[in-house]
Each structure stands twice: as C-alpha cells, then as structure tokens.
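A.B. asks: Dropping in model_39.csv, with CSV, C-alpha atoms and all ligand atoms.
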```csv
chain,number,residue,atom,x,y,z
I,83,MET,CA,-81.0,-9.9,26.4
I,84,LYS,CA,-82.3,-9.2,22.9
I,85,LYS,CA,-79.9,-7.2,20.8
I,86,TYR,CA,-80.5,-3.6,21.8
I,87,MET,CA,-81.6,-1.5,18.8
I,88,ALA,CA,-80.8,-4.0,16.2
I,89,ALA,CA,-83.0,-2.3,13.6
I,90,GLU,CA,-81.5,1.2,14.2
I,91,PHE,CA,-78.0,-0.3,14.0
I,92,ALA,CA,-78.7,-2.2,10.7
I,93,ALA,CA,-79.9,1.1,9.1
I,94,LEU,CA,-76.6,2.8,9.9
I,95,LYS,CA,-74.5,0.4,7.8
I,96,ASN,CA,-75.4,2.1,4.6
I,97,LYS,CA,-76.3,5.6,5.9
I,98,LYS,CA,-74.3,8.3,4.0
I,99,ASP,CA,-72.9,10.3,6.9
I,100,LEU,CA,-72.3,8.9,10.3
I,101,ILE,CA,-71.7,11.1,13.3
I,102,ILE,CA,-70.4,9.2,16.3
I,103,LEU,CA,-69.9,10.4,19.9
I,104,ALA,CA,-67.1,8.4,21.5
I,105,ILE,CA,-66.0,8.0,25.1
I,106,GLU,CA,-62.6,6.9,26.4
I,107,SER,CA,-61.9,6.4,30.1
I,108,SER,CA,-59.7,3.3,30.2
I,109,CYS,CA,-56.8,4.8,32.2
I,110,ASP,CA,-56.1,8.3,33.4
I,111,GLU,CA,-57.6,10.4,30.6
I,112,THR,CA,-61.3,11.2,30.4
I,113,ALA,CA,-62.0,11.9,26.8
I,114,ILE,CA,-65.0,12.6,24.6
I,115,SER,CA,-64.9,13.2,20.9
I,116,ILE,CA,-67.4,13.6,18.1
I,117,VAL,CA,-66.2,12.1,14.8
I,118,LYS,CA,-67.9,12.3,11.3
I,119,ASN,CA,-67.3,9.4,8.9
I,120,GLY,CA,-64.4,8.0,10.9
I,121,ARG,CA,-61.9,10.6,9.9
I,122,GLU,CA,-63.3,14.1,10.5
I,123,VAL,CA,-63.0,15.2,14.1
I,124,LEU,CA,-65.7,17.7,15.0
I,125,SER,CA,-64.6,17.9,18.6
I,126,ASN,CA,-61.9,16.2,20.7
I,127,LEU,CA,-61.7,16.9,24.4
I,128,VAL,CA,-59.3,15.2,26.8
I,129,SER,CA,-59.2,15.9,30.5
I,130,SER,CA,-55.9,14.5,31.7
I,131,GLN,CA,-55.3,13.4,35.3
I,132,ILE,CA,-51.5,13.2,34.8
I,133,GLU,CA,-50.9,16.0,37.4
I,134,ILE,CA,-53.1,14.2,39.9
I,135,HIS,CA,-51.4,10.8,39.6
I,136,ARG,CA,-47.9,12.3,39.3
I,137,ARG,CA,-47.4,12.6,43.1
I,138,PHE,CA,-48.0,8.9,43.4
I,139,GLY,CA,-45.5,8.0,40.6
I,140,GLY,CA,-48.2,6.2,38.6
I,141,VAL,CA,-52.0,5.8,38.1
I,142,VAL,CA,-54.0,5.0,41.3
I,143,PRO,CA,-57.1,3.2,40.0
I,144,GLU,CA,-59.6,4.4,42.6
I,145,ILE,CA,-58.5,8.0,42.1
I,146,ALA,CA,-58.8,7.6,38.4
I,147,SER,CA,-62.4,6.4,38.6
I,148,ARG,CA,-63.4,9.2,40.8
I,149,ASN,CA,-61.9,11.8,38.6
I,150,HIS,CA,-63.5,10.3,35.5
I,151,LEU,CA,-66.8,10.6,37.3
I,152,MET,CA,-66.2,14.3,38.1
I,153,ALA,CA,-65.1,15.2,34.5
I,154,ILE,CA,-67.4,13.2,32.2
I,155,SER,CA,-70.7,15.2,32.2
I,156,ASN,CA,-69.0,18.5,31.6
I,157,LEU,CA,-66.9,17.0,28.8
I,158,TYR,CA,-70.0,15.7,27.1
I,159,GLU,CA,-71.7,19.2,27.2
I,160,GLU,CA,-68.6,20.8,25.8
I,161,ALA,CA,-68.0,18.2,23.1
I,162,ILE,CA,-71.6,18.7,21.8
I,163,LYS,CA,-71.2,22.5,21.9
I,164,GLU,CA,-67.8,22.5,20.2
I,165,ALA,CA,-69.0,20.2,17.4
I,166,GLY,CA,-71.9,22.6,16.8
I,167,ILE,CA,-74.5,19.8,16.7
I,168,LYS,CA,-77.5,18.8,18.7
I,169,PRO,CA,-77.5,15.4,20.6
I,170,GLN,CA,-80.2,14.1,18.3
I,171,ASP,CA,-77.8,14.6,15.3
I,172,LEU,CA,-75.7,11.7,16.7
I,173,ASP,CA,-76.0,8.4,15.0
I,174,ALA,CA,-74.3,6.2,17.6
I,175,ILE,CA,-72.6,6.3,21.0
I,176,ALA,CA,-69.3,4.5,21.1
I,177,VAL,CA,-67.3,3.6,24.2
I,178,THR,CA,-64.0,1.8,25.1
I,179,TYR,CA,-65.1,-1.3,27.1
I,180,GLY,CA,-61.6,-2.8,27.5
I,181,ALA,CA,-58.8,-3.3,28.0
I,182,GLY,CA,-58.0,-1.0,30.9
I,183,LEU,CA,-58.7,-0.4,34.6
I,184,MET,CA,-62.0,-1.9,35.6
I,185,GLY,CA,-63.3,1.0,37.7
I,186,ALA,CA,-62.1,3.6,35.2
I,187,LEU,CA,-63.7,1.8,32.2
I,188,LEU,CA,-67.0,1.4,34.0
I,189,VAL,CA,-67.4,5.2,34.3
I,190,GLY,CA,-67.3,5.6,30.5
I,191,VAL,CA,-69.3,2.5,29.8
I,192,ASN,CA,-72.1,3.5,32.2
I,193,PHE,CA,-72.2,7.1,30.9
I,194,ALA,CA,-72.4,5.7,27.3
I,195,LYS,CA,-75.2,3.4,28.3
I,196,GLY,CA,-77.1,6.3,29.8
I,197,LEU,CA,-76.7,8.4,26.6
I,198,SER,CA,-77.6,5.5,24.4
I,199,TYR,CA,-80.8,4.9,26.3
I,200,SER,CA,-81.9,8.5,26.7
I,201,LEU,CA,-81.1,9.5,23.1
I,202,ASN,CA,-82.3,6.3,21.7
I,203,LYS,CA,-79.0,5.7,19.7
I,204,PRO,CA,-77.1,2.4,19.2
I,205,LEU,CA,-74.3,1.6,21.7
I,206,ILE,CA,-71.0,0.5,20.2
I,207,ALA,CA,-68.4,-1.3,22.3
I,208,VAL,CA,-64.9,-0.6,21.1
I,209,ASN,CA,-61.6,-2.4,21.9
I,210,HIS,CA,-59.0,0.2,23.0
I,211,VAL,CA,-56.3,-1.4,20.8
I,212,HIS,CA,-58.5,-1.1,17.7
I,213,GLY,CA,-58.9,2.6,18.6
I,214,HIS,CA,-55.1,3.1,18.7
I,215,ILE,CA,-54.8,1.6,15.2
I,216,ALA,CA,-57.6,3.8,14.0
I,217,SER,CA,-55.9,6.9,15.3
I,218,ASN,CA,-53.8,6.7,12.1
I,219,TYR,CA,-57.0,7.0,9.9
I,220,ILE,CA,-57.6,10.4,11.5
I,221,SER,CA,-54.1,11.6,11.0
I,222,HIS,CA,-53.7,10.3,7.5
I,223,PRO,CA,-57.0,10.8,5.5
I,224,ASP,CA,-55.8,8.6,2.6
I,225,LEU,CA,-54.5,5.7,4.7
I,226,GLU,CA,-56.3,2.4,4.0
I,227,PRO,CA,-55.4,-1.2,4.9
I,228,PRO,CA,-53.6,-3.4,4.3
I,229,PHE,CA,-50.6,-2.5,6.4
I,230,MET,CA,-48.4,-3.6,9.2
I,231,CYS,CA,-49.0,-2.1,12.7
I,232,LEU,CA,-46.4,-1.7,15.4
I,233,MET,CA,-48.6,-1.3,18.5
I,234,VAL,CA,-46.6,0.3,21.3
I,235,SER,CA,-48.5,1.5,24.4
I,236,GLY,CA,-48.3,1.3,28.1
I,237,GLY,CA,-50.2,-2.0,28.0
I,238,HIS,CA,-49.4,-3.5,24.7
I,239,THR,CA,-46.4,-4.2,22.4
I,240,ALA,CA,-47.2,-6.2,19.3
I,241,LEU,CA,-46.8,-6.5,15.6
I,242,LEU,CA,-50.2,-6.8,13.9
I,243,LYS,CA,-50.9,-7.5,10.2
I,244,ILE,CA,-54.0,-5.4,9.3
I,245,SER,CA,-55.4,-6.9,6.1
I,246,ASP,CA,-58.7,-5.0,6.2
I,247,TYR,CA,-60.6,-2.7,8.6
I,248,ASN,CA,-61.3,-5.0,11.5
I,249,LYS,CA,-59.1,-7.9,10.2
I,250,PHE,CA,-56.1,-8.2,12.4
I,251,LYS,CA,-53.5,-10.9,12.8
I,252,MET,CA,-51.0,-10.9,15.6
I,253,LEU,CA,-47.5,-11.8,14.3
I,254,GLY,CA,-45.7,-11.2,17.5
I,255,SER,CA,-46.0,-9.6,20.9
I,256,THR,CA,-44.2,-8.9,24.2
I,257,VAL,CA,-43.6,-11.9,26.4
I,258,ASP,CA,-43.3,-9.7,29.5
I,259,ASP,CA,-43.4,-5.9,29.8
I,260,ALA,CA,-44.9,-3.6,27.3
I,261,ALA,CA,-42.5,-1.0,25.8
I,262,GLY,CA,-44.3,1.9,27.6
I,263,GLU,CA,-44.2,0.0,30.9
I,264,ALA,CA,-40.4,-0.4,30.5
I,265,PHE,CA,-40.1,3.3,29.7
I,266,ASP,CA,-42.2,4.2,32.8
I,267,LYS,CA,-40.3,1.9,35.1
I,268,VAL,CA,-36.8,3.0,34.0
I,269,ALA,CA,-37.9,6.7,34.4
I,270,ARG,CA,-39.1,5.9,37.9
I,271,VAL,CA,-35.7,4.5,38.8
I,272,LEU,CA,-34.1,7.6,37.4
I,273,GLY,CA,-36.4,9.8,39.6
I,274,LEU,CA,-38.2,11.2,36.6
I,275,PRO,CA,-41.9,12.1,36.9
I,276,TYR,CA,-44.8,10.0,35.7
I,277,PRO,CA,-45.4,9.3,32.8
I,278,GLY,CA,-41.8,8.4,32.1
I,279,GLY,CA,-41.9,7.9,28.4
I,280,PRO,CA,-41.9,11.6,27.4
I,281,GLU,CA,-39.3,12.4,30.1
I,282,ILE,CA,-36.9,9.7,28.9
I,283,ASP,CA,-37.4,11.0,25.3
I,284,LYS,CA,-36.4,14.5,26.4
I,285,LEU,CA,-33.5,13.6,28.7
I,286,ALA,CA,-32.0,11.1,26.1
I,287,ARG,CA,-31.4,14.0,23.8
I,288,GLU,CA,-28.8,15.3,26.2
I,289,GLY,CA,-27.0,12.0,26.6
I,290,LYS,CA,-24.8,9.6,24.8
I,291,ASN,CA,-25.4,6.0,23.8
I,292,ASN,CA,-22.4,4.7,25.7
I,293,ILE,CA,-23.8,2.1,28.1
I,294,LYS,CA,-24.4,-1.5,26.9
I,295,PHE,CA,-28.0,-2.2,27.8
I,296,THR,CA,-29.2,-5.0,25.5
I,297,VAL,CA,-32.6,-6.6,25.0
I,298,SER,CA,-32.9,-10.4,25.6
I,299,ASN,CA,-31.2,-12.4,22.8
I,300,SER,CA,-33.5,-15.5,23.3
I,301,LEU,CA,-36.2,-14.1,21.0
I,302,HIS,CA,-33.8,-13.0,18.3
I,303,ASN,CA,-35.3,-15.2,15.6
I,304,THR,CA,-38.9,-14.4,16.4
I,305,LEU,CA,-41.2,-11.5,16.1
I,306,ASN,CA,-41.8,-11.4,19.9
I,307,PHE,CA,-40.3,-8.8,22.3
I,308,SER,CA,-39.0,-8.9,25.8
I,309,PHE,CA,-38.3,-5.7,27.7
I,310,SER,CA,-38.1,-6.9,31.3
I,311,GLY,CA,-34.4,-7.9,31.1
I,312,ILE,CA,-33.3,-4.5,29.8
I,313,LYS,CA,-35.4,-2.8,32.5
I,314,THR,CA,-33.7,-4.9,35.2
I,315,SER,CA,-30.2,-4.2,33.7
I,316,VAL,CA,-30.9,-0.4,34.1
I,317,ILE,CA,-32.1,-0.9,37.6
I,318,ASN,CA,-29.0,-2.9,38.6
I,319,TYR,CA,-26.7,-0.4,36.9
I,320,VAL,CA,-28.3,2.5,38.9
I,321,HIS,CA,-28.2,0.6,42.2
I,322,LYS,CA,-24.5,-0.4,41.7
I,323,PHE,CA,-23.5,3.3,41.3
I,324,GLU,CA,-25.8,4.4,44.2
I,325,GLN,CA,-24.3,1.7,46.5
I,326,LYS,CA,-20.8,2.8,45.7
I,327,LYS,CA,-22.0,6.5,46.1
I,328,GLU,CA,-20.5,7.2,42.6
I,329,PRO,CA,-22.0,9.7,40.2
I,330,TYR,CA,-23.7,8.4,37.0
I,331,SER,CA,-25.3,10.2,34.0
I,332,LYS,CA,-29.1,9.9,33.9
I,333,ALA,CA,-29.0,11.3,30.4
I,334,ASP,CA,-26.6,8.6,29.2
I,335,ILE,CA,-28.8,5.9,30.8
I,336,ALA,CA,-31.9,7.3,29.2
I,337,CYS,CA,-30.2,7.6,25.8
I,338,SER,CA,-28.6,4.1,25.9
I,339,PHE,CA,-31.9,2.5,27.1
I,340,GLU,CA,-34.0,4.3,24.5
I,341,GLU,CA,-31.5,3.4,21.7
I,342,SER,CA,-31.7,-0.3,22.5
I,343,VAL,CA,-35.5,-0.5,22.9
I,344,THR,CA,-36.2,1.5,19.7
I,345,ASN,CA,-33.6,-0.5,17.7
I,346,GLU,CA,-35.4,-3.7,18.8
I,347,LEU,CA,-38.8,-2.3,17.8
I,348,VAL,CA,-37.7,-1.1,14.4
I,349,GLU,CA,-35.6,-4.2,13.5
I,350,LYS,CA,-38.5,-6.5,14.3
I,351,ALA,CA,-41.1,-4.3,12.6
I,352,ILE,CA,-39.0,-4.2,9.4
I,353,ARG,CA,-38.5,-8.0,9.6
I,354,ALA,CA,-42.3,-8.5,10.0
I,355,MET,CA,-42.9,-6.4,6.9
I,356,LYS,CA,-40.4,-8.3,4.8
I,357,LEU,CA,-41.8,-11.7,6.0
I,358,SER,CA,-45.5,-10.7,5.3
I,359,GLY,CA,-44.9,-8.7,2.2
I,360,GLN,CA,-46.3,-5.4,3.6
I,361,LYS,CA,-45.2,-2.1,2.1
I,362,LYS,CA,-46.7,0.3,4.7
I,363,ILE,CA,-46.3,0.4,8.5
I,364,VAL,CA,-48.3,2.4,11.0
I,365,ILE,CA,-47.2,3.0,14.6
I,366,ALA,CA,-49.9,3.1,17.2
I,367,GLY,CA,-50.0,3.8,20.9
I,368,GLY,CA,-48.4,6.2,23.3
I,369,VAL,CA,-44.8,5.1,22.7
I,370,GLY,CA,-45.4,6.0,19.1
I,371,ALA,CA,-44.9,9.6,20.2
I,372,ASN,CA,-41.2,8.8,20.9
I,373,SER,CA,-39.1,11.0,18.6
I,374,ILE,CA,-36.2,8.5,18.2
I,375,LEU,CA,-38.6,5.7,17.3
I,376,GLN,CA,-40.3,7.9,14.7
I,377,GLU,CA,-36.9,8.9,13.2
I,378,LYS,CA,-35.6,5.3,13.1
I,379,ILE,CA,-38.7,3.9,11.5
I,380,GLU,CA,-38.8,6.6,8.9
I,381,LYS,CA,-35.1,6.0,8.1
I,382,ALA,CA,-35.5,2.2,8.0
I,383,CYS,CA,-38.6,2.4,5.8
I,384,LYS,CA,-36.8,4.8,3.3
I,385,GLU,CA,-33.9,2.3,3.1
I,386,ASN,CA,-36.3,-0.6,2.3
I,387,GLY,CA,-38.7,1.3,0.0
I,388,PHE,CA,-41.5,1.2,2.6
I,389,GLU,CA,-43.8,3.9,3.8
I,390,ALA,CA,-44.1,4.9,7.5
I,391,TYR,CA,-47.1,6.5,9.2
I,392,TYR,CA,-47.6,7.5,12.8
I,393,PRO,CA,-50.4,9.5,14.4
I,394,LYS,CA,-50.2,13.2,15.2
I,395,LEU,CA,-48.9,13.6,18.8
I,396,LYS,CA,-52.4,14.3,20.3
I,397,TYR,CA,-53.8,11.1,18.7
I,398,CYS,CA,-50.8,8.9,19.9
I,399,THR,CA,-51.8,8.9,23.5
I,400,ASP,CA,-55.3,8.0,24.8
I,401,ASN,CA,-58.1,10.0,23.2
I,402,ALA,CA,-61.7,9.4,22.2
I,403,ALA,CA,-61.4,10.5,18.5
I,404,MET,CA,-59.6,7.2,17.8
I,405,ILE,CA,-62.5,5.3,19.5
I,406,GLY,CA,-65.0,7.2,17.3
I,407,SER,CA,-63.0,6.2,14.2
I,408,ALA,CA,-62.8,2.5,15.1
I,409,ALA,CA,-66.5,2.5,15.9
I,410,TYR,CA,-67.2,3.9,12.4
I,411,TYR,CA,-65.4,1.0,10.7
I,412,TYR,CA,-67.2,-1.5,13.1
I,413,ILE,CA,-70.6,0.0,12.0
I,414,ARG,CA,-69.8,-0.2,8.3
I,415,LYS,CA,-69.0,-3.9,8.8
I,416,GLY,CA,-72.1,-4.5,11.0
I,417,MET,CA,-70.0,-5.1,14.1
I,418,GLY,CA,-69.8,-3.8,17.6
I,419,LEU,CA,-73.5,-3.4,18.6
I,420,ALA,CA,-73.8,-3.8,22.4
I,421,SER,CA,-76.8,-4.1,24.6
I,422,LEU,CA,-77.5,-2.3,27.9
I,423,ASP,CA,-75.9,-5.1,29.8
I,424,LEU,CA,-72.5,-4.3,28.4
I,425,THR,CA,-69.8,-4.4,31.0
I,426,ALA,CA,-66.2,-3.3,31.1
I,427,LYS,CA,-63.4,-5.8,30.6
I,428,PRO,CA,-60.0,-5.2,32.1
I,429,SER,CA,-58.4,-7.5,29.5
I,430,ILE,CA,-59.6,-8.5,26.1
I,431,ASP,CA,-58.1,-10.2,23.1
I,432,LEU,CA,-57.2,-8.4,19.9
I,501,LIG,O1,-51.4,4.5,24.5
I,501,LIG,P1,-51.2,5.1,25.8
I,501,LIG,O2,-51.5,6.6,26.1
I,501,LIG,O3,-51.9,4.3,27.0
I,501,LIG,C1,-52.1,3.0,26.9
I,501,LIG,O4,-53.0,2.5,26.2
I,501,LIG,O5,-51.2,2.3,27.6
I,501,LIG,O6,-49.6,4.9,26.2
I,501,LIG,C2,-49.1,5.4,27.4
I,501,LIG,C3,-47.6,5.0,27.4
I,501,LIG,C4,-46.9,5.4,28.7
I,501,LIG,O7,-46.1,4.2,29.1
I,501,LIG,C5,-46.0,6.5,28.3
I,501,LIG,O8,-44.8,6.6,29.1
I,501,LIG,C6,-45.7,6.2,26.8
I,501,LIG,O9,-46.9,5.8,26.3
I,501,LIG,N1,-45.2,7.4,26.1
I,501,LIG,C7,-43.9,7.5,25.6
I,501,LIG,C8,-43.8,8.8,25.0
I,501,LIG,N2,-45.0,9.4,25.2
I,501,LIG,C9,-45.8,8.6,25.8
I,501,LIG,N3,-42.9,6.6,25.6
I,501,LIG,C10,-41.8,7.0,25.0
I,501,LIG,N4,-41.6,8.2,24.4
I,501,LIG,C11,-42.6,9.1,24.4
I,501,LIG,N5,-42.4,10.3,23.8
I,502,ZN,ZN,-54.0,3.5,25.1
```
Could you take the file, read its structure, and then write that structure out as structure tokens?
Ligand code: KG4
Ligand code: ZN

C.D. replies:
Amino acid sequence: MKKYMAAEFAALKNKKDLIILAIESSCDETAISIVKNGREVLSNLVSSQIEIHRRFGGVVPEIASRNHLMAISNLYEEAIKEAGIKPQDLDAIAVTYGAGLMGALLVGVNFAKGLSYSLNKPLIAVNHVHGHIASNYISHPDLEPPFMCLMVSGGHTALLKISDYNKFKMLGSTVDDAAGEAFDKVARVLGLPYPGGPEIDKLAREGKNNIKFTVSNSLHNTLNFSFSGIKTSVINYVHKFEQKKEPYSKADIACSFEESVTNELVEKAIRAMKLSGQKKIVIAGGVGANSILQEKIEKACKENGFEAYYPKLKYCTDNAAMIGSAAYYYIRKGMGLASLDLTAKPSIDL
C-alpha cells in the first residue's frame, strides 16, 4: 500500500508546533493523551483495569481487550475536552503498535486508524519501549540525549545507550525474566495482590535484609541480567517453611529480594556508564517507580559524579503521554509514518 499521507507527514517535520494525540493499550491500561511539542502534556487520561484483573492474580488478555473497547471512545472525548482543543487542531495520531498483548494492542491500533482516516491526520506507529524512554522527556524538560537508560518494566529489562533521539544501542538485557515479572511472581508467592511490584516496595519497608537471596553469578562480568534464579530461590524458601508449617516473615523476604534485585540493577547500570563514558542515566518503565531503586541509583550516581533521572510516578507505568512524546521525536526525524494496514505486534525489536 502506498505510504498513507506522505505529503501531510513530510510537512510536519518542520512545523513549529506539533500537537499529537497518542493512544496506549498494550496491557491493562487504556490511555489517551494529547502532547504538544513532545514535552507539554495538555491532557493525560489513564483508565486502569488493575481492579478487574486483581481477582485473577494477573492480566487476562481477553478481558483486557474487552475493557479497552469499552473505555476508549469516552477517553478520547474527555482527552479532547480536557486539552481544550478541537480534533482538527491535532497534527497526528500516534499509537503503541507493540510490544504487548495482541488483542489489547489491536483495540488502540484500530481506534487510531479510524481517527487518522476520519480526521485526515497522519498515523504514527510507536514502539512501547521508546515511549518509556520518552517519559523522561516529559518529566525533565531540559533532558536531552546522549544518556544511558536502564529500562525496567514488566516485559523488559535492559541497558540502552541512547546517543540521540531514536538512536538506541542495547548494551545488555535479561536472559530470562524481566525485573517487573520477578517482582510480580515473588509477590504472588507471598500472597500479595497484583501488580506485585508496588506491594513488595511497600512491604519491604517493614522488613530486614537478612535472607541471602542472590542473583545468578554466571553473568557477573557482563551487562546482562538474570532474575529467574532469585525468583526460584524465594519460591523454594517459602515452600520449605510452609511444608514444615513454620512461620516466616513476608516483609523480610520482600526486603531481601528487593535489595538483591536493585543492587544488581544499579551495579550493572553504573558499570555500563563507566564502560561507555556516559554521565547521565535515566530509568524507564514501571519498576522505575521502585523507591529503593531510585534511592540507590541516586546515591551511586552522586558517588561517581553522574546524574540520575527517573520519570514522575504517573509517567513510570504505562501511559499515553510517553507515546505522544516518542511520536514527536519520530516525526521530527521523519520516522514512524504508518499506513492504514498497520497491525499490532506482540513483540518487536528495540
Ligand atoms: O512499564 P509497566 O507499567 O508495564 C510494562 O510495560 O511492562 O511496568 C509494569 C511493571 C509491573 O511488573 C509492576 O509490578 C512493576 O512495573 N512496578 C514496580 C513498582 N511499580 C510498578 N516494581 C517495583 N516497585 C514498584 N514500586
Ligand atoms: Zn510499559
């Protein structure tokens, strides 16, 4: 299919102000945001399905898609109203097309296609991970590449060298579970509600770091991560006590697990910065909301003369403002234009 709206898209590259409506529906948040010039959020609405999925202990894909469908039209109306603009004032429609749950992504992608067609505005396909990185541009108006990025979400854990907007190099990544996945699984074993990350963060504050849960040593000299071993150690520890019907402290487990995981993340992030000569690091993704991780990265950066950045809490977890910001930098570089045959992709490369 011929590139959809190529001429309209080309005209945007040098337009002074760009107002982008962005849609995010990759997992269990339906989100729509309107962002001006990549950094100014005119409206940012998130309809969370956490309460719906909580009773199942995790996200049920089919239920997620159905709830996205029910929420998305109203969110659009509200987002336009809150931003105080008319639909025709929009310059482009951006949407997360991957990675994520297929059915969930498709709701956002199809809604975005409908808007693009009916409003006659270019459609921009955004990689969810690029959105998480861009969440820092919204929270820190002066932040510009180059920098190191520690990407820690439910689906990704990686160290990325960001040498320019849209110029990314993966220096290391997890070889098994993502950090958020490990937090969620450990929380589940401890009987904590979904999503487990924030629950462990809270509970760990009441506990002591007195149990030796260590991350795998085999990747010690690399910038890669492995969290499946420590997750299994926690599961085995809990099962041992339960079999013997002996009491154990959930708070101590949460604290010891969190200490070990955050030490590993910070140690490798600092090593990556030293190796690649970066002076700034940004944290991106839901686990970036972890209070201990934020404390440790700040401390380590201070000791090494580096600067640490992380997004405001509401931009750490999934939102559409970050998608609007990423789309802005795509457009400025002439990237990201999609046609009406755009489809969702459950997994995509960086
Ligand atoms: O970025 P995100 O909202 O979705 C993905 O793209 O995956 O990240 C969700 C993940 C979940 O695993 C959740 O438990 C974790 O981020 N998370 C946290 C905290 N808040 C959210 N993990 C640790 N501590 C937190 N405070
Ligand atoms: Zn995410």

A.B. asks: From the set I:Leu201, I:Ala382, I:Leu183, I:Ile101, which residue has the shortest atom-to-atom contact distance to ligand LIG 501 (chain I), counting all atoms listed in the file?

C.D. replies: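 The closest residue to ligand LIG 501 (chain I) is I:Leu183.
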
A.B. asks: Could you jot down the CA of Phe339 (chain I) to CA of Glu324 (chain I) separation for me, Å, one decimal place?

C.D. replies: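 CA of Phe339 (chain I) sits 18.3 Å away from CA of Glu324 (chain I).
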
A.B. asks: Grab the CA of His321 (chain I) to CA of Thr239 (chain I) distance for me, in Å with one decimal place.

C.D. replies: 27.3 Å

A.B. asks: Write out as an mmCIF file with C-alpha atoms, in the frame of the given file each polymer residue (protein, DNA or RNA) that has an atom no more than 7 Å from ligand LIG 501 (chain I), with all atoms listed in the file counted.

C.D. replies:
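Once written, out_7.cif looks like this:
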```
data_model
loop_
_atom_site.group_PDB
_atom_site.id
_atom_site.type_symbol
_atom_site.label_atom_id
_atom_site.label_comp_id
_atom_site.auth_asym_id
_atom_site.auth_seq_id
_atom_site.Cartn_x
_atom_site.Cartn_y
_atom_site.Cartn_z
ATOM 1 C CA SER I 235 -48.500 1.500 24.400
ATOM 2 C CA GLY I 236 -48.300 1.300 28.100
ATOM 3 C CA GLY I 237 -50.200 -2.000 28.000
ATOM 4 C CA HIS I 238 -49.400 -3.500 24.700
ATOM 5 C CA GLY I 262 -44.300 1.900 27.600
ATOM 6 C CA GLU I 263 -44.200 0.000 30.900
ATOM 7 C CA PHE I 265 -40.100 3.300 29.700
ATOM 8 C CA ASP I 266 -42.200 4.200 32.800
ATOM 9 C CA PRO I 277 -45.400 9.300 32.800
ATOM 10 C CA GLY I 278 -41.800 8.400 32.100
ATOM 11 C CA GLY I 279 -41.900 7.900 28.400
ATOM 12 C CA PRO I 280 -41.900 11.600 27.400
ATOM 13 C CA ILE I 282 -36.900 9.700 28.900
ATOM 14 C CA ASP I 283 -37.400 11.000 25.300
ATOM 15 C CA GLY I 367 -50.000 3.800 20.900
ATOM 16 C CA GLY I 368 -48.400 6.200 23.300
ATOM 17 C CA VAL I 369 -44.800 5.100 22.700
ATOM 18 C CA GLY I 370 -45.400 6.000 19.100
ATOM 19 C CA ALA I 371 -44.900 9.600 20.200
ATOM 20 C CA ASN I 372 -41.200 8.800 20.900
ATOM 21 C CA SER I 373 -39.100 11.000 18.600
ATOM 22 C CA CYS I 398 -50.800 8.900 19.900
ATOM 23 C CA THR I 399 -51.800 8.900 23.500
ATOM 24 C CA ASP I 400 -55.300 8.000 24.800
#
```

A.B. asks: Closest to ligand ZN 502 (chain I) among I:Ala354, I:Ala409, I:Met404, I:Ile114, using only C-alpha atoms and all ligand atoms?

C.D. replies: I:Met404

A.B. asks: Calculated over only C-alpha atoms and all ligand atoms, which of the candidates I:Leu157, I:Ile220, I:Ile215, I:Leu241 has the smallest distance to ligand ZN 502 (chain I)?

C.D. replies: I:Ile215

A.B. asks: Expressed in Å to a single decimal, how great is the separation between CA of Glu159 (chain I) and CA of Ala366 (chain I)?

C.D. replies: 28.9 Å

A.B. asks: Of the residues I:Leu103, I:Ala402, I:Ile145, I:Val191, which is the one nearest to ligand ZN 502 (chain I), using all atoms listed in the file?

C.D. replies: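 Checking each of I:Leu103, I:Ala402, I:Ile145, I:Val191 against ligand ZN 502 (chain I), counting all atoms listed in the file, the winner is I:Ala402.
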